[in-house]
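To be precise, the following lines are structure_8.txt, and they hold compact mmCIF, C-alpha atoms and all ligand atoms.
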# COMPACT_ATOMS: atom_id res chain seq x y z
CA MET W 1 49.10 14.23 -41.50
CA SER W 2 50.99 17.18 -42.86
CA ASP W 3 54.50 16.55 -44.17
CA ASP W 4 56.07 19.02 -41.81
CA LEU W 5 53.92 19.40 -38.74
CA LEU W 6 56.78 20.74 -36.60
CA GLY W 7 57.74 23.31 -39.23
CA ALA W 8 54.14 24.55 -39.25
CA ALA W 9 54.04 24.65 -35.44
CA LEU W 10 57.26 26.68 -35.31
CA VAL W 11 55.62 29.43 -37.36
CA ARG W 12 53.50 30.14 -34.27
CA LEU W 13 56.66 30.39 -32.18
CA ASP W 14 58.13 32.97 -34.57
CA GLU W 15 54.87 34.91 -34.52
CA ALA W 16 54.91 34.99 -30.70
CA ALA W 17 58.60 35.96 -30.63
CA SER W 18 57.81 39.04 -32.72
CA HIS W 19 55.67 40.36 -29.83
CA LEU W 20 58.32 39.88 -27.15
CA ASN W 21 61.76 41.29 -26.59
CA ILE W 22 63.39 37.89 -26.45
CA ASP W 23 66.93 36.70 -27.07
CA ALA W 24 67.45 34.88 -30.38
CA ASP W 25 69.24 32.11 -28.41
CA VAL W 26 65.98 31.26 -26.66
CA ILE W 27 64.13 30.81 -29.94
CA GLU W 28 67.00 28.75 -31.36
CA LYS W 29 66.85 26.41 -28.36
CA LEU W 30 63.09 25.92 -28.74
CA LYS W 31 63.29 25.01 -32.43
CA TYR W 32 64.68 21.51 -31.95
CA ALA W 33 63.79 18.51 -29.81
CA ARG W 34 66.42 17.87 -27.16
CA GLU W 35 66.30 14.09 -27.60
CA THR W 36 64.07 11.69 -29.46
CA THR W 37 64.51 7.97 -28.88
CA LYS W 38 63.19 5.39 -31.29
CA ALA W 39 62.63 1.70 -30.58
CA ARG W 40 61.11 -1.27 -32.28
CA LEU W 41 58.82 -3.10 -29.88
CA MET W 42 58.66 -6.84 -30.56
CA ILE W 43 55.77 -8.67 -28.93
CA ARG W 44 54.26 -12.13 -28.98
CA MET W 45 50.75 -12.13 -30.49
CA ASP W 46 47.99 -14.40 -29.15
CA ASP W 47 48.41 -16.80 -32.10
CA GLY W 48 52.06 -17.37 -31.16
CA SER W 49 53.55 -15.23 -33.93
CA ARG W 50 55.83 -12.25 -33.29
CA LYS W 51 55.03 -8.75 -34.48
CA SER W 52 57.01 -5.52 -34.25
CA PHE W 53 55.81 -1.94 -33.80
CA LEU W 54 57.70 1.33 -34.18
CA ALA W 55 57.73 3.49 -31.07
CA TRP W 56 59.19 6.82 -29.97
CA ARG W 57 59.62 8.98 -26.91
CA CYS W 58 60.60 12.61 -27.36
CA ARG W 59 61.88 14.86 -24.58
CA TYR W 60 61.52 18.18 -26.34
CA ASP W 61 62.67 20.66 -23.73
CA ASP W 62 63.35 20.18 -20.02
CA THR W 63 64.39 23.69 -19.03
CA ARG W 64 61.38 24.20 -16.74
CA GLY W 65 61.40 20.71 -15.25
CA PRO W 66 61.09 17.03 -16.14
CA THR W 67 59.49 16.44 -19.53
CA LYS W 68 55.78 15.66 -19.41
CA GLY W 69 53.33 14.36 -21.97
CA GLY W 70 51.19 11.47 -23.10
CA ILE W 71 51.78 8.33 -25.13
CA ARG W 72 49.63 7.94 -28.24
CA TYR W 73 48.77 4.66 -29.97
CA HIS W 74 47.90 5.40 -33.61
CA PRO W 75 48.59 3.75 -36.98
CA ASP W 76 49.64 7.13 -38.47
CA ALA W 77 52.04 8.04 -35.63
CA SER W 78 55.34 9.43 -36.91
CA VAL W 79 58.48 10.99 -35.50
CA ASP W 80 57.40 14.40 -36.84
CA GLU W 81 54.06 14.10 -35.06
CA VAL W 82 55.66 12.99 -31.77
CA GLU W 83 58.14 15.88 -31.80
CA THR W 84 55.40 18.39 -32.63
CA LEU W 85 53.16 17.10 -29.86
CA ALA W 86 56.15 17.33 -27.48
CA PHE W 87 56.77 20.91 -28.64
CA TRP W 88 53.14 21.74 -27.85
CA MET W 89 53.49 20.09 -24.41
CA THR W 90 56.49 22.33 -23.72
CA PHE W 91 54.33 25.40 -24.33
CA LYS W 92 51.26 23.94 -22.63
CA CYS W 93 53.13 23.30 -19.38
CA ALA W 94 54.59 26.82 -19.53
CA VAL W 95 51.14 28.34 -20.22
CA MET W 96 49.85 26.70 -17.03
CA ASN W 97 53.05 27.44 -15.08
CA LEU W 98 53.54 23.75 -14.29
CA PRO W 99 57.13 22.89 -13.29
CA TYR W 100 57.59 20.70 -16.37
CA GLY W 101 59.11 20.68 -19.79
CA GLY W 102 57.42 18.97 -22.73
CA GLY W 103 57.57 15.40 -23.96
CA LYS W 104 55.49 12.92 -25.91
CA GLY W 105 55.53 9.30 -26.97
CA ALA W 106 53.81 7.13 -29.54
CA VAL W 107 53.48 3.64 -30.90
CA GLN W 108 52.57 3.13 -34.54
CA VAL W 109 49.70 0.71 -34.01
CA ASP W 110 45.95 0.36 -34.47
CA ALA W 111 45.20 -0.50 -30.85
CA ARG W 112 41.64 -1.54 -31.75
CA LYS W 113 43.05 -4.51 -33.63
CA LEU W 114 44.92 -5.91 -30.61
CA SER W 115 43.46 -8.18 -27.94
CA LYS W 116 43.66 -6.98 -24.34
CA ALA W 117 46.57 -9.36 -23.65
CA GLU W 118 48.46 -8.11 -26.74
CA LEU W 119 47.84 -4.52 -25.69
CA GLU W 120 49.28 -5.30 -22.26
CA ARG W 121 52.41 -6.91 -23.76
CA LEU W 122 52.87 -3.91 -26.09
CA SER W 123 52.50 -1.42 -23.22
CA ARG W 124 54.97 -3.33 -21.05
CA ALA W 125 57.39 -3.52 -24.00
CA TYR W 126 57.13 0.26 -24.37
CA MET W 127 58.18 0.77 -20.77
CA GLN W 128 61.02 -1.77 -21.10
CA ALA W 129 62.33 0.07 -24.16
CA PHE W 130 62.17 3.57 -22.68
CA ALA W 131 62.62 3.03 -18.90
CA ARG W 132 66.17 4.45 -19.15
CA ILE W 133 64.90 7.88 -20.13
CA ILE W 134 61.66 7.85 -18.12
CA GLY W 135 61.49 8.70 -14.40
CA PRO W 136 59.61 10.90 -11.92
CA ASP W 137 62.31 13.60 -12.17
CA ARG W 138 63.16 13.03 -15.81
CA ASP W 139 60.21 12.23 -18.04
CA ILE W 140 56.65 11.45 -16.93
CA PRO W 141 54.23 9.88 -19.45
CA ALA W 142 50.41 9.96 -19.36
CA PRO W 143 47.49 8.90 -21.56
CA ASP W 144 46.78 10.39 -24.99
CA VAL W 145 44.85 9.28 -28.10
CA TYR W 146 43.86 5.57 -27.79
CA THR W 147 45.66 5.06 -24.46
CA ASN W 148 43.94 5.08 -21.07
CA SER W 149 44.35 4.51 -17.33
CA MET W 150 44.52 0.71 -17.75
CA ILE W 151 47.55 1.10 -20.03
CA MET W 152 49.15 3.58 -17.61
CA GLY W 153 48.62 0.99 -14.84
CA TRP W 154 50.47 -1.71 -16.80
CA MET W 155 53.30 0.71 -17.55
CA ALA W 156 53.57 1.79 -13.89
CA ASP W 157 53.70 -1.87 -12.89
CA GLU W 158 56.39 -2.64 -15.48
CA TYR W 159 58.49 0.30 -14.27
CA ALA W 160 58.15 -0.94 -10.67
CA GLN W 161 59.42 -4.36 -11.74
CA ILE W 162 62.39 -2.81 -13.56
CA VAL W 163 63.53 -0.63 -10.65
CA GLY W 164 62.47 -3.07 -7.91
CA HIS W 165 59.87 -0.94 -6.12
CA ALA W 166 56.74 1.06 -6.89
CA VAL W 167 57.31 4.62 -8.15
CA PRO W 168 53.79 5.99 -8.64
CA ALA W 169 55.02 9.46 -9.74
CA VAL W 170 56.67 7.95 -12.84
CA ILE W 171 53.44 8.10 -14.83
CA THR W 172 50.11 9.91 -14.49
CA GLY W 173 46.58 9.04 -15.47
CA LYS W 174 46.91 5.78 -13.51
CA PRO W 175 43.98 3.83 -12.08
CA ILE W 176 42.96 5.23 -8.67
CA ALA W 177 44.00 1.91 -7.06
CA LEU W 178 47.62 2.50 -8.17
CA GLY W 179 47.81 6.10 -6.97
CA GLY W 180 45.86 7.83 -9.72
CA SER W 181 44.18 11.14 -8.92
CA LEU W 182 40.48 11.70 -8.56
CA GLY W 183 39.27 13.88 -11.41
CA ARG W 184 41.97 12.92 -13.94
CA GLY W 185 39.45 11.07 -16.15
CA ASP W 186 37.53 14.13 -17.34
CA ALA W 187 40.23 16.72 -16.61
CA THR W 188 40.97 17.71 -20.23
CA ALA W 189 37.32 18.46 -20.96
CA ARG W 190 36.67 19.97 -17.52
CA GLY W 191 39.57 22.41 -17.92
CA GLY W 192 38.14 23.55 -21.26
CA TYR W 193 34.70 23.78 -19.71
CA TYR W 194 35.96 26.01 -16.84
CA LEU W 195 37.79 28.21 -19.36
CA LEU W 196 34.73 28.60 -21.58
CA ARG W 197 32.51 29.35 -18.59
CA ARG W 198 34.94 31.97 -17.28
CA LEU W 199 35.36 33.76 -20.63
CA ALA W 200 31.76 33.38 -21.89
CA GLY W 201 30.92 37.03 -21.08
CA GLU W 202 34.04 38.41 -22.77
CA LEU W 203 33.39 36.17 -25.80
CA GLY W 204 29.83 37.48 -26.13
CA LEU W 205 28.29 34.03 -25.66
CA GLY W 206 24.67 33.82 -24.53
CA GLU W 207 23.09 31.71 -21.78
CA LYS W 208 22.06 28.68 -23.82
CA LEU W 209 24.61 27.60 -26.37
CA ARG W 210 24.52 25.29 -29.37
CA ILE W 211 27.64 23.15 -29.43
CA ALA W 212 29.20 20.86 -32.06
CA VAL W 213 31.83 18.33 -30.97
CA GLN W 214 34.28 16.77 -33.44
CA GLY W 215 35.64 13.51 -32.03
CA PHE W 216 33.97 11.48 -29.30
CA GLY W 217 36.86 9.99 -27.36
CA ASN W 218 37.72 10.92 -23.78
CA ALA W 219 37.76 14.70 -24.32
CA GLY W 220 34.76 14.84 -26.67
CA GLN W 221 32.49 12.70 -24.50
CA HIS W 222 33.21 14.58 -21.31
CA ILE W 223 32.84 18.08 -22.78
CA ALA W 224 29.50 17.07 -24.32
CA ARG W 225 28.31 15.76 -20.95
CA LEU W 226 29.54 18.77 -18.94
CA LEU W 227 27.95 21.28 -21.31
CA ALA W 228 24.71 19.31 -21.69
CA ASP W 229 24.44 19.11 -17.88
CA ASP W 230 24.56 22.94 -17.83
CA GLY W 231 21.57 23.07 -20.20
CA HIS W 232 23.45 23.75 -23.44
CA ARG W 233 22.42 21.88 -26.59
CA ILE W 234 24.85 19.47 -28.21
CA VAL W 235 23.63 19.79 -31.80
CA ALA W 236 26.21 17.61 -33.59
CA VAL W 237 28.94 15.11 -32.78
CA SER W 238 31.28 12.89 -34.78
CA ASP W 239 33.73 10.05 -34.35
CA SER W 240 36.12 8.39 -36.79
CA SER W 241 33.27 6.51 -38.51
CA GLY W 242 30.60 9.18 -38.91
CA ALA W 243 28.71 12.22 -37.64
CA VAL W 244 25.18 12.98 -36.47
CA HIS W 245 23.07 16.12 -36.09
CA ARG W 246 19.91 17.12 -34.25
CA ALA W 247 19.08 20.83 -34.09
CA ASP W 248 17.11 20.42 -30.83
CA GLY W 249 20.04 18.68 -29.17
CA LEU W 250 21.33 15.12 -29.03
CA ASP W 251 20.88 12.73 -26.11
CA VAL W 252 24.48 12.75 -24.86
CA ALA W 253 24.03 9.98 -22.27
CA ARG W 254 22.69 7.71 -24.99
CA ILE W 255 25.65 8.40 -27.32
CA VAL W 256 28.10 7.79 -24.48
CA SER W 257 26.51 4.39 -23.79
CA VAL W 258 26.58 3.47 -27.51
CA LYS W 259 30.32 4.30 -27.53
CA ALA W 260 30.90 2.31 -24.34
CA GLU W 261 29.48 -0.74 -26.09
CA GLY W 262 31.95 -0.25 -28.95
CA GLY W 263 29.46 1.37 -31.37
CA SER W 264 29.82 4.51 -33.47
CA VAL W 265 27.85 7.74 -33.01
CA SER W 266 26.35 7.16 -36.46
CA THR W 267 24.35 4.14 -35.25
CA LEU W 268 21.94 6.71 -33.71
CA ALA W 269 21.05 8.17 -37.10
CA GLY W 270 17.44 7.71 -38.14
CA GLN W 271 16.06 7.63 -34.57
CA ASP W 272 14.34 10.53 -32.74
CA GLY W 273 15.09 13.07 -35.47
CA VAL W 274 18.83 12.34 -35.49
CA GLU W 275 20.25 12.70 -38.99
CA ALA W 276 23.55 11.39 -40.35
CA ILE W 277 25.85 14.10 -41.73
CA THR W 278 29.32 14.11 -43.28
CA ALA W 279 32.49 15.23 -41.54
CA ASP W 280 32.52 18.47 -43.56
CA GLU W 281 28.85 19.13 -42.78
CA LEU W 282 29.70 18.86 -39.09
CA VAL W 283 32.32 21.63 -39.45
CA ALA W 284 29.74 23.82 -41.24
CA ILE W 285 26.91 23.20 -38.76
CA ASP W 286 25.04 26.20 -37.36
CA CYS W 287 26.31 26.47 -33.76
CA ASP W 288 27.83 28.90 -31.25
CA VAL W 289 30.82 26.87 -30.11
CA PHE W 290 32.74 24.30 -32.14
CA VAL W 291 34.86 21.86 -30.15
CA PRO W 292 37.56 19.98 -32.09
CA ALA W 293 38.37 16.94 -29.94
CA ALA W 294 39.98 14.58 -32.47
CA LEU W 295 43.32 14.81 -34.27
CA GLU W 296 45.63 17.40 -35.85
CA ASN W 297 44.84 19.48 -38.95
CA MET W 298 41.16 18.53 -39.12
CA ILE W 299 40.14 22.15 -39.72
CA HIS W 300 42.04 23.44 -42.72
CA ALA W 301 41.86 25.86 -45.65
CA GLY W 302 39.35 23.57 -47.35
CA ASN W 303 36.67 23.60 -44.62
CA ALA W 304 37.41 26.50 -42.22
CA GLY W 305 35.54 28.98 -44.42
CA SER W 306 32.29 27.08 -43.91
CA MET W 307 32.46 27.15 -40.11
CA LYS W 308 29.74 29.28 -38.48
CA ALA W 309 30.74 29.03 -34.81
CA LYS W 310 31.72 32.22 -32.96
CA VAL W 311 34.10 30.37 -30.67
CA VAL W 312 36.36 27.35 -31.19
CA LEU W 313 37.42 25.45 -28.06
CA GLU W 314 40.43 23.33 -29.04
CA LEU W 315 40.38 20.19 -26.92
CA ALA W 316 42.45 18.30 -29.50
CA ASN W 317 46.12 19.09 -30.01
CA GLY W 318 46.75 21.08 -33.19
CA PRO W 319 43.28 20.70 -34.77
CA LEU W 320 43.58 23.91 -36.84
CA THR W 321 46.14 24.54 -39.55
CA ALA W 322 47.68 28.01 -39.72
CA GLU W 323 45.50 28.75 -42.80
CA ALA W 324 42.37 27.80 -40.84
CA ASP W 325 43.47 30.18 -38.07
CA THR W 326 43.81 33.03 -40.55
CA ILE W 327 40.38 32.34 -42.07
CA LEU W 328 38.67 32.21 -38.66
CA ASN W 329 40.51 35.26 -37.31
CA SER W 330 39.56 37.33 -40.33
CA ARG W 331 35.87 36.64 -39.75
CA GLY W 332 36.20 37.55 -36.06
CA ALA W 333 35.77 34.05 -34.61
CA ILE W 334 37.77 33.45 -31.45
CA VAL W 335 39.88 30.34 -31.08
CA LEU W 336 40.68 29.25 -27.53
CA PRO W 337 43.96 27.53 -28.37
CA ASP W 338 44.93 23.94 -27.52
CA ILE W 339 47.89 24.85 -25.30
CA LEU W 340 45.42 26.62 -23.01
CA ALA W 341 42.03 25.00 -23.73
CA ASN W 342 43.12 21.37 -23.32
CA ALA W 343 45.68 21.96 -20.57
CA GLY W 344 43.30 20.64 -17.88
CA GLY W 345 44.57 17.11 -18.52
CA VAL W 346 48.21 17.82 -17.84
CA THR W 347 47.26 20.12 -14.95
CA VAL W 348 45.50 17.30 -13.11
CA SER W 349 48.42 15.05 -14.10
CA TYR W 350 50.59 17.51 -12.22
CA PHE W 351 48.23 17.27 -9.22
CA GLU W 352 48.52 13.47 -9.42
CA TRP W 353 52.33 13.65 -9.43
CA VAL W 354 52.29 16.05 -6.47
CA GLN W 355 49.94 13.74 -4.52
CA ASN W 356 52.13 10.72 -5.34
CA ARG W 357 55.23 12.50 -4.07
CA GLN W 358 53.66 13.79 -0.87
CA GLY W 359 51.72 10.56 -0.26
CA TYR W 360 48.64 12.53 0.71
CA TYR W 361 45.59 12.54 -1.53
CA TRP W 362 43.10 15.32 -2.23
CA THR W 363 39.32 15.09 -2.48
CA LEU W 364 37.47 15.56 -5.77
CA PRO W 365 36.21 19.05 -4.81
CA GLU W 366 39.81 20.04 -4.00
CA ILE W 367 40.98 18.84 -7.43
CA HIS W 368 38.13 20.66 -9.19
CA ASP W 369 38.75 23.89 -7.25
CA ARG W 370 42.47 23.87 -8.01
CA LEU W 371 41.87 23.07 -11.68
CA ARG W 372 39.25 25.81 -12.00
CA ALA W 373 41.47 28.38 -10.26
CA THR W 374 44.43 27.56 -12.55
CA MET W 375 42.38 27.57 -15.77
CA GLU W 376 40.72 30.85 -14.82
CA ALA W 377 43.94 32.60 -13.79
CA GLU W 378 45.91 31.64 -16.91
CA GLY W 379 42.87 32.10 -19.17
CA GLU W 380 42.23 35.62 -17.83
CA ALA W 381 45.90 36.58 -18.19
CA ILE W 382 45.95 35.39 -21.81
CA TRP W 383 42.66 37.11 -22.58
CA ARG W 384 44.03 40.43 -21.20
CA LEU W 385 47.25 40.00 -23.17
CA SER W 386 45.33 39.33 -26.37
CA ARG W 387 43.21 42.48 -25.91
CA HIS W 388 46.14 44.61 -24.79
CA LYS W 389 48.36 43.67 -27.75
CA ASP W 390 45.47 43.16 -30.18
CA ILE W 391 46.63 39.63 -31.02
CA SER W 392 44.78 36.32 -31.27
CA MET W 393 44.29 34.15 -28.18
CA ARG W 394 46.71 31.65 -29.73
CA THR W 395 49.47 34.18 -30.20
CA ALA W 396 48.79 35.53 -26.71
CA ALA W 397 49.07 32.02 -25.23
CA TYR W 398 52.40 31.52 -26.99
CA VAL W 399 53.66 34.92 -25.83
CA HIS W 400 52.56 34.11 -22.25
CA ALA W 401 54.39 30.75 -22.35
CA LEU W 402 57.43 32.06 -24.18
CA ALA W 403 58.02 34.73 -21.54
CA ARG W 404 58.23 31.98 -18.90
CA LEU W 405 60.34 29.69 -21.07
CA GLY W 406 62.67 32.53 -21.98
CA GLU W 407 63.18 33.44 -18.35
CA ALA W 408 64.00 29.83 -17.46
CA ILE W 409 66.34 29.34 -20.41
CA GLU W 410 68.21 32.56 -19.56
CA ALA W 411 68.38 31.60 -15.87
CA HIS W 412 69.97 28.24 -16.70
CA GLY W 413 72.75 29.84 -18.72
CA THR W 414 74.55 27.93 -21.43
CA GLN W 415 74.75 24.73 -19.38
CA SER W 416 71.29 23.74 -20.50
CA PHE W 417 72.51 23.60 -24.09
CA PHE W 418 74.61 20.51 -23.31
CA VAL W 419 72.95 17.14 -23.79
CA SER W 420 73.74 14.92 -20.83
N1 LIG W 501 47.96 13.78 -23.45
C1 LIG W 501 47.48 14.94 -22.73
C2 LIG W 501 47.86 16.20 -23.46
O1 LIG W 501 48.08 16.20 -24.65
C3 LIG W 501 47.89 14.92 -21.26
C4 LIG W 501 49.37 14.88 -21.00
C5 LIG W 501 49.73 14.65 -19.54
O2 LIG W 501 48.83 14.53 -18.71
O3 LIG W 501 50.93 14.59 -19.27
O4 LIG W 501 47.88 17.26 -22.90

The structure given in the file should be rewritten as structure tokens.
Amino acid sequence: MSDDLLGAALVRLDEAASHLNIDADVIEKLKYARETTKARLMIRMDDGSRKSFLAWRCRYDDTRGPTKGGIRYHPDASVDEVETLAFWMTFKCAVMNLPYGGGKGAVQVDARKLSKAELERLSRAYMQAFARIIGPDRDIPAPDVYTNSMIMGWMADEYAQIVGHAVPAVITGKPIALGGSLGRGDATARGGYYLLRRLAGELGLGEKLRIAVQGFGNAGQHIARLLADDGHRIVAVSDSSGAVHRADGLDVARIVSVKAEGGSVSTLAGQDGVEAITADELVAIDCDVFVPAALENMIHAGNAGSMKAKVVLELANGPLTAEADTILNSRGAIVLPDILANAGGVTVSYFEWVQNRQGYYWTLPEIHDRLRATMEAEGEAIWRLSRHKDISMRTAAYVHALARLGEAIEAHGTQSFFVS
């Protein structure tokens, strides 16, 4: 991870501010996290020993509503990363006009090394540590890297035990049986898919695309499936242990089943013309659309120059460094930025929270229609802004969000500067 991820992210805020007539007070408010809480989670391991894990929850800005954002389990998690991810959530929710601010949480842990029972104790400990600052009108967590609906279910249950009754709207991405929403599982990828489909004409993309996907977790698997189902070719994919390539297209269903059994994408190499490639070769692969769906800063000054894709669909948060952006922009590639392209996840989280609060649940076609309409409306507005002002889609997305944030910050007056 970069030493100063937040500092690098704030450069994009300054860039956006230069295209808007916005009060300096607004920018000052958005430069710092409102509150970041740190805890050490102590759990009992299966062998009877105790082990502790560092954990955080950041509520970056709540001007537009309760803070919203996932909880990540990762051995490299840090306070800088959590605050940066929470900053991005603040802008993502504003891009989509969701009535939320931005938050994020993390535990510094390699979740793959824990048993299921240990994972449950850790997740319950997280909720115990942060229940004071979490709540359906205060801060609403969700899944992120290496967390899933099962973990959200344990956390929802722990919160119910703490307050004495079920509060489904306290967390999103829950199992359907606990009030989760239909369509939340593939929402991040589906939002990106709707966006790409809507802007394909403007982006000059043809009918049958060649796609490379970096990262094969929730977002990567679903985008590969959705695009393959439409007849596009998934020519390369990677996960944390390797990458594979097949110019005629990979068998996505087969890779998904290998992953479901705990295998890596690279176990397919050597069969049916599938060849193993390196992580850098994946970035340089001949394709139309490159989909980063892994972690931050994976496309950087050292590999961006080799990328051939016309369009980058950022399903990961912060996958491109600012230098990579400059390199891609100068060659005319278009980056559909994370705060727009991966906002489908938090958008369906919002639908879940709405359904929990009204106690009335929507059908899958209703969820898909609402998600599509939102992605298309915000995507079109940002596309127009980027053409009108001759700025990148990323800068346009920040300008679009900043206008909404600025309006809300001004409307609150100085009161919102006080920490309660
Ligand atoms: N972790 C996802 C993100 O980065 C979803 C957050 C949410 O649903 O609140 O956007």

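Minimum atom-to-atom distances from W:Thr326, W:Ser386, W:Thr36, W:Thr347 to ligand LIG 501 (chain W) were compared using all atoms listed in the file, and the lowest value belongs to W:Thr347.
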
*Please, which residues have at least one atom within 10 Å of an atom of ligand LIG 501 (chain W), using all atoms listed in the file, listed as number ranges by chain?*
W: 67-72, 85-86, 88-89, 92-93, 100, 102-105, 139-145, 147-148, 171-173, 184, 187-188, 219, 315-318, 338-353

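Atom pair CA of Met152 in chain W / CA of Lys174 in chain W: separated by 5.2 Å.
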
*Taking all atoms listed in the file into account, which of W:Glu376, W:Lys310, W:Pro99, W:His388 comes nearest Arg190 in chain W?*
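Using all atoms listed in the file, Arg190 in chain W sits closest to W:Glu376.
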
*Which of these, W:Glu15, W:Asp157, W:Asp110, W:Glu28, has the shortest distance to Tyr73 in chain W once you count all atoms listed in the file?*
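Answer, going by the shortest atom-to-atom distance: W:Asp110.
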
Between range 167-245 of chain W and range 283-296 of chain W, at 8 Å or less, what are the per-residue closest atom pairs and their distances in Å? Count only C-alpha atoms, order by chain and rising residue number, and return it as JSON lines.
{"residue": "W:Leu205", "atom": "CA", "partner": "W:Asp288", "partner_atom": "CA", "distance": 7.6}
{"residue": "W:Leu209", "atom": "CA", "partner": "W:Asp288", "partner_atom": "CA", "distance": 6.0}
{"residue": "W:Arg210", "atom": "CA", "partner": "W:Cys287", "partner_atom": "CA", "distance": 4.9}
{"residue": "W:Ile211", "atom": "CA", "partner": "W:Val289", "partner_atom": "CA", "distance": 4.9}
{"residue": "W:Ala212", "atom": "CA", "partner": "W:Phe290", "partner_atom": "CA", "distance": 4.9}
{"residue": "W:Val213", "atom": "CA", "partner": "W:Val291", "partner_atom": "CA", "distance": 4.7}
{"residue": "W:Gln214", "atom": "CA", "partner": "W:Pro292", "partner_atom": "CA", "distance": 4.8}
{"residue": "W:Gly215", "atom": "CA", "partner": "W:Ala294", "partner_atom": "CA", "distance": 4.5}
{"residue": "W:Phe216", "atom": "CA", "partner": "W:Ala293", "partner_atom": "CA", "distance": 7.0}
{"residue": "W:Gly217", "atom": "CA", "partner": "W:Ala294", "partner_atom": "CA", "distance": 7.5}
{"residue": "W:Ala219", "atom": "CA", "partner": "W:Ala293", "partner_atom": "CA", "distance": 6.1}
{"residue": "W:Gly220", "atom": "CA", "partner": "W:Ala293", "partner_atom": "CA", "distance": 5.3}
{"residue": "W:Val235", "atom": "CA", "partner": "W:Cys287", "partner_atom": "CA", "distance": 7.5}
{"residue": "W:Ala236", "atom": "CA", "partner": "W:Ile285", "partner_atom": "CA", "distance": 7.6}
{"residue": "W:Asp239", "atom": "CA", "partner": "W:Ala294", "partner_atom": "CA", "distance": 7.9}

Got time to write the residues from that selection, C-alpha atoms, as a PDB file, in the frame of the given file?
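selection-v7.pdb, written as the output of this step:
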ATOM      1  CA  LEU W 205      28.290  34.030 -25.660  1.00  0.00           C
ATOM      2  CA  LEU W 209      24.610  27.600 -26.370  1.00  0.00           C
ATOM      3  CA  ARG W 210      24.520  25.290 -29.370  1.00  0.00           C
ATOM      4  CA  ILE W 211      27.640  23.150 -29.430  1.00  0.00           C
ATOM      5  CA  ALA W 212      29.200  20.860 -32.060  1.00  0.00           C
ATOM      6  CA  VAL W 213      31.830  18.330 -30.970  1.00  0.00           C
ATOM      7  CA  GLN W 214      34.280  16.770 -33.440  1.00  0.00           C
ATOM      8  CA  GLY W 215      35.640  13.510 -32.030  1.00  0.00           C
ATOM      9  CA  PHE W 216      33.970  11.480 -29.300  1.00  0.00           C
ATOM     10  CA  GLY W 217      36.860   9.990 -27.360  1.00  0.00           C
ATOM     11  CA  ALA W 219      37.760  14.700 -24.320  1.00  0.00           C
ATOM     12  CA  GLY W 220      34.760  14.840 -26.670  1.00  0.00           C
ATOM     13  CA  VAL W 235      23.630  19.790 -31.800  1.00  0.00           C
ATOM     14  CA  ALA W 236      26.210  17.610 -33.590  1.00  0.00           C
ATOM     15  CA  ASP W 239      33.730  10.050 -34.350  1.00  0.00           C
TER      16      ASP W 239
END

*Point-to-point distance from CA of Gly305 in chain W to CA of Ile327 in chain W, Å rounded to tenths*: 6.3 Å

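Checking W:Arg404, W:Arg387, W:Arg138, W:Arg121 one by one against Leu98 in chain W, counting only C-alpha atoms, you find the shortest gap at W:Arg404.
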
_Contacts of Thr84 in chain W within 10 Å, all atoms listed in the file, excl. fewer than 2 positions in-chain, as a PyMOL selection string_ = chain W and resi 4-10+32-33+58+60+78-82+86-90+103-104+317-318

*Using only C-alpha atoms, determine which residues lie at most 12 Å from range 18-22 of chain W, disregarding the query and same-chain residues fewer than 3 positions distant; provide the list as a ChimeraX atom specification.*
/W:11-15,25-28,385-386,388-392,395-407,409-410
